[in-house]
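Peer 1: First the structure, then my questions, so here it is.
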Amino acid sequence: MLEKGTVIKSTGSWYTVRIQDNLTVRCSIKGKFRIKGIRATNPVAVGDHVEFEWSEDKKTGIITSIGERTNYIIRKSSKLSKEYQLLACNVDVAWLMVSMILPRTLTAFIDRFLVSTEAYRIPVIILFNKTDLYGDNEVLEMQDLWSVYTKIGYKCMKLSLQTKDGIEEVRHEMKGKVNVIAGNSGVGKSTLITVLDPTIRLKIDTISDFHQTGKHTTTFSEMFELASGIQVIDTPGIRGFGTIDIDKSELFHFFPEIFRASKQCRYHNCMHLNEPDCGVKYEVGKGIISESRYLNYLMMMDEEGGKYR
């Protein structure tokens, strides 16, 4: 007899599946999932709705099918034989935690993430963390980025996990949703979950003094059911984030402001590089489109290969 459930933890070869009455079952997968042409290191991910059959001893299960996904988030795989790693599926909102300091989040990282979430139809909230550490320069930088991304249409919020400033606004926004938290290592993802629900103890590490970037304390994705009725998926720290199978001719579709401006281009197949009468370049020159966003678009277009990866 098949049982239905939701994957709440993935450690590679085993998956924890939550079933009715909040019970959990450790499951493996049938080998056929590995030969279906799925170019991922993990064909099953946290957030997947699955069916499984019980083992003979009724202690573990074997996943036999995966439900259709509404969306997913991926990152580049470190394994050369595969293209990507699935981080989370079927999420309502992705929280991109960023910081102006310790570690500093680069706009290239932000825009890669936003391209991916646009491609896979996931709403994003950009959460500026560690605001208690910001000096005047960092405050100005945050305000500049805030202006850039809210103008495009992204919601921005700010937070200090040390002073708890902004935590109730975050809690309210997360309630009743499946939330995934992403960002560079050390930016505060796991700490946020612990602050939202102190009964959940995650392994929190300090910022590397030498590199000023976070140490990887979360090595796999896991979904937590918080006391306040919030579902949160914690993801591994991401130093490199990308999409797959986006043709270069379509990349601008996932920069909303560039896509809007493209309607003013002379040529319908304009790539917004060196073409004459380009509506995108015109708006960049006028300061309507952020220069940093356009430069990150050019950087992605310049990456090797016929597709952006």
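Ligands are numbered from 1 in the order shown, residues from 1 within each chain, and chains are lettered A, B, ... in the order they appear in the structure tokens.
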Compile the contact shell of Leu86 of chain A as an MDAnalysis selection string: residues with an atom at most 12 Å away, counting only C-alpha atoms, same-chain residues fewer than 5 positions apart removed.
Peer 2: chainID A and resid 10:12 38:48 69 71:77 220:221 235:236 241:244
Peer 1: Could you give me the residues within segment 58-195 of chain A that DSSP places in strand (DSSP E), as a PyMOL selection string?
Peer 2: chain A and resi 60-66+72-76+84-89+93-98+124-128+155-158+178-182
Peer 1: At a cut-off of 9 Å, using only C-alpha atoms, what residues contact Trp146 of chain A? Leave out same-chain residues fewer than 5 positions from it and give the result as a list in words.
Peer 2: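 Residues meeting the cut-off are Ile126, Phe128, Glu141, Lys151, Lys155, Cys156 and Met157 of chain A.
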Peer 1: What does the file look like for those residues with N, CA and C atoms, as a short mmCIF file (atom, residue, chain, number, x, y, z; two decimals), in the first residue's frame?
Peer 2:
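Result saved to again-v3.cif:
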data_model
loop_
_atom_site.label_atom_id
_atom_site.label_comp_id
_atom_site.auth_asym_id
_atom_site.auth_seq_id
_atom_site.Cartn_x
_atom_site.Cartn_y
_atom_site.Cartn_z
N ILE A 126 13.74 40.41 -0.66
CA ILE A 126 15.15 40.65 -0.34
C ILE A 126 15.22 41.18 1.09
N PHE A 128 17.54 42.50 4.04
CA PHE A 128 18.83 43.06 4.44
C PHE A 128 19.04 42.78 5.92
N GLU A 141 24.66 52.37 1.03
CA GLU A 141 24.68 51.29 0.05
C GLU A 141 23.38 50.49 0.09
N LYS A 151 12.17 49.49 -7.09
CA LYS A 151 11.74 50.11 -8.35
C LYS A 151 11.42 49.05 -9.40
N LYS A 155 10.05 43.19 -3.29
CA LYS A 155 9.82 43.65 -1.93
C LYS A 155 11.13 43.56 -1.15
N CYS A 156 11.47 44.60 -0.41
CA CYS A 156 12.67 44.61 0.42
C CYS A 156 12.27 44.83 1.88
N MET A 157 12.99 44.17 2.78
CA MET A 157 12.79 44.33 4.21
C MET A 157 14.15 44.37 4.88
#
Peer 1: Residues within 12 Å of Thr150 of chain A, please, as a list in words. Count only C-alpha atoms; anything in the same chain fewer than 2 positions from it doesn't count.
Peer 2: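 Near Thr150 of chain A, the qualifying residues are Val124, Ile125, Ile126, Leu127, Met142, Gln143, Asp144, Leu145, Trp146, Ser147, Val148, Ile152, Gly153, Tyr154, Lys155, Cys156, Met157, Pro256, Glu257 and Ser290 of chain A.
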Peer 1: Can you spit out the residues from that selection as a short mmCIF file (atom, residue, chain, number, x, y, z; two decimals), in the first residue's frame, using N, CA and C atoms?
Peer 2:
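part02.cif written:
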data_model
loop_
_atom_site.label_atom_id
_atom_site.label_comp_id
_atom_site.auth_asym_id
_atom_site.auth_seq_id
_atom_site.Cartn_x
_atom_site.Cartn_y
_atom_site.Cartn_z
N VAL A 124 10.04 36.67 -4.61
CA VAL A 124 11.24 36.88 -3.79
C VAL A 124 11.05 38.09 -2.88
N ILE A 125 11.54 37.96 -1.66
CA ILE A 125 11.70 39.10 -0.76
C ILE A 125 13.19 39.23 -0.45
N ILE A 126 13.74 40.41 -0.66
CA ILE A 126 15.15 40.65 -0.34
C ILE A 126 15.22 41.18 1.09
N LEU A 127 15.94 40.43 1.94
CA LEU A 127 16.00 40.75 3.36
C LEU A 127 17.41 41.21 3.72
N MET A 142 22.90 50.23 1.31
CA MET A 142 21.63 49.52 1.43
C MET A 142 20.49 50.32 0.81
N GLN A 143 20.47 51.61 1.08
CA GLN A 143 19.41 52.47 0.54
C GLN A 143 19.45 52.50 -0.98
N ASP A 144 20.66 52.50 -1.55
CA ASP A 144 20.78 52.49 -3.01
C ASP A 144 20.22 51.20 -3.59
N LEU A 145 20.61 50.07 -2.99
CA LEU A 145 20.11 48.78 -3.49
C LEU A 145 18.61 48.65 -3.26
N TRP A 146 18.16 49.12 -2.12
CA TRP A 146 16.72 49.11 -1.81
C TRP A 146 15.95 49.83 -2.90
N SER A 147 16.45 51.00 -3.30
CA SER A 147 15.80 51.79 -4.34
C SER A 147 15.80 51.06 -5.67
N VAL A 148 16.94 50.45 -6.02
CA VAL A 148 17.06 49.72 -7.28
C VAL A 148 16.03 48.59 -7.36
N ILE A 152 12.18 47.96 -9.39
CA ILE A 152 11.92 46.86 -10.33
C ILE A 152 10.63 46.14 -9.98
N GLY A 153 10.34 46.07 -8.67
CA GLY A 153 9.13 45.38 -8.24
C GLY A 153 9.35 44.36 -7.14
N TYR A 154 10.59 44.27 -6.62
CA TYR A 154 10.88 43.32 -5.56
C TYR A 154 10.62 43.95 -4.20
N LYS A 155 10.05 43.19 -3.29
CA LYS A 155 9.82 43.65 -1.93
C LYS A 155 11.13 43.56 -1.15
N CYS A 156 11.47 44.60 -0.41
CA CYS A 156 12.67 44.61 0.42
C CYS A 156 12.27 44.83 1.88
N MET A 157 12.99 44.17 2.78
CA MET A 157 12.79 44.33 4.21
C MET A 157 14.15 44.37 4.88
N PRO A 256 13.22 41.89 -15.18
CA PRO A 256 11.94 42.51 -15.52
C PRO A 256 12.04 43.89 -16.15
N GLU A 257 12.93 44.73 -15.64
CA GLU A 257 13.04 46.09 -16.17
C GLU A 257 13.67 46.10 -17.56
N SER A 290 19.26 50.41 -13.67
CA SER A 290 20.48 50.44 -12.87
C SER A 290 21.68 49.94 -13.68
#
Peer 1: Between A:Gly67, A:Tyr282, A:Met300, A:Ile200, which one has atoms that come closest to Asp247 of chain A, using only C-alpha atoms?
Peer 2: A:Met300
Peer 1: Grab the atom CA of Ser13 of chain A to atom CA of Cys27 of chain A distance for me, in Å with one decimal place.
Peer 2: 8.7 Å
Peer 1: Which residue gives the smallest distance to Asn90 of chain A among A:Arg201, A:Arg121, A:His268, A:Arg104, with only C-alpha atoms counted?
Peer 2: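 Of A:Arg201, A:Arg121, A:His268, A:Arg104, the one nearest Asn90 of chain A, counting only C-alpha atoms, is A:Arg121.
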Peer 1: What parts of segment 41-271 of chain A does DSSP call helix (DSSP H, G or I)? I'd like the answer as a count of residues only.
Peer 2: 65
Peer 1: Between A:Ala182, A:Cys278, A:Leu251, A:Leu196, which is the closest to Ser228 of chain A once you count only C-alpha atoms?
Peer 2: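 Ranked by minimum distance to Ser228 of chain A, first place goes to A:Leu196.
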Peer 1: At what distance in Å, to one decimal, does atom CA of Thr105 of chain A lie from atom CA of Val280 of chain A?
Peer 2: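 Atom CA of Val280 of chain A sits 25.6 Å away from atom CA of Thr105 of chain A.
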Peer 1: Grab the atom CA of Gln231 of chain A to atom CA of Glu173 of chain A distance for me, in Å with one decimal place.
Peer 2: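 Value for the atom CA of Gln231 of chain A-atom CA of Glu173 of chain A distance: 11.7 Å.
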Peer 1: Using only C-alpha atoms, which residues sit within 9 Å of segment 1-9 of chain A once same-chain residues fewer than 6 positions away are excluded, as a ChimeraX atom specification?
Peer 2: /A:15-20,24,44-54,64,220-224,233
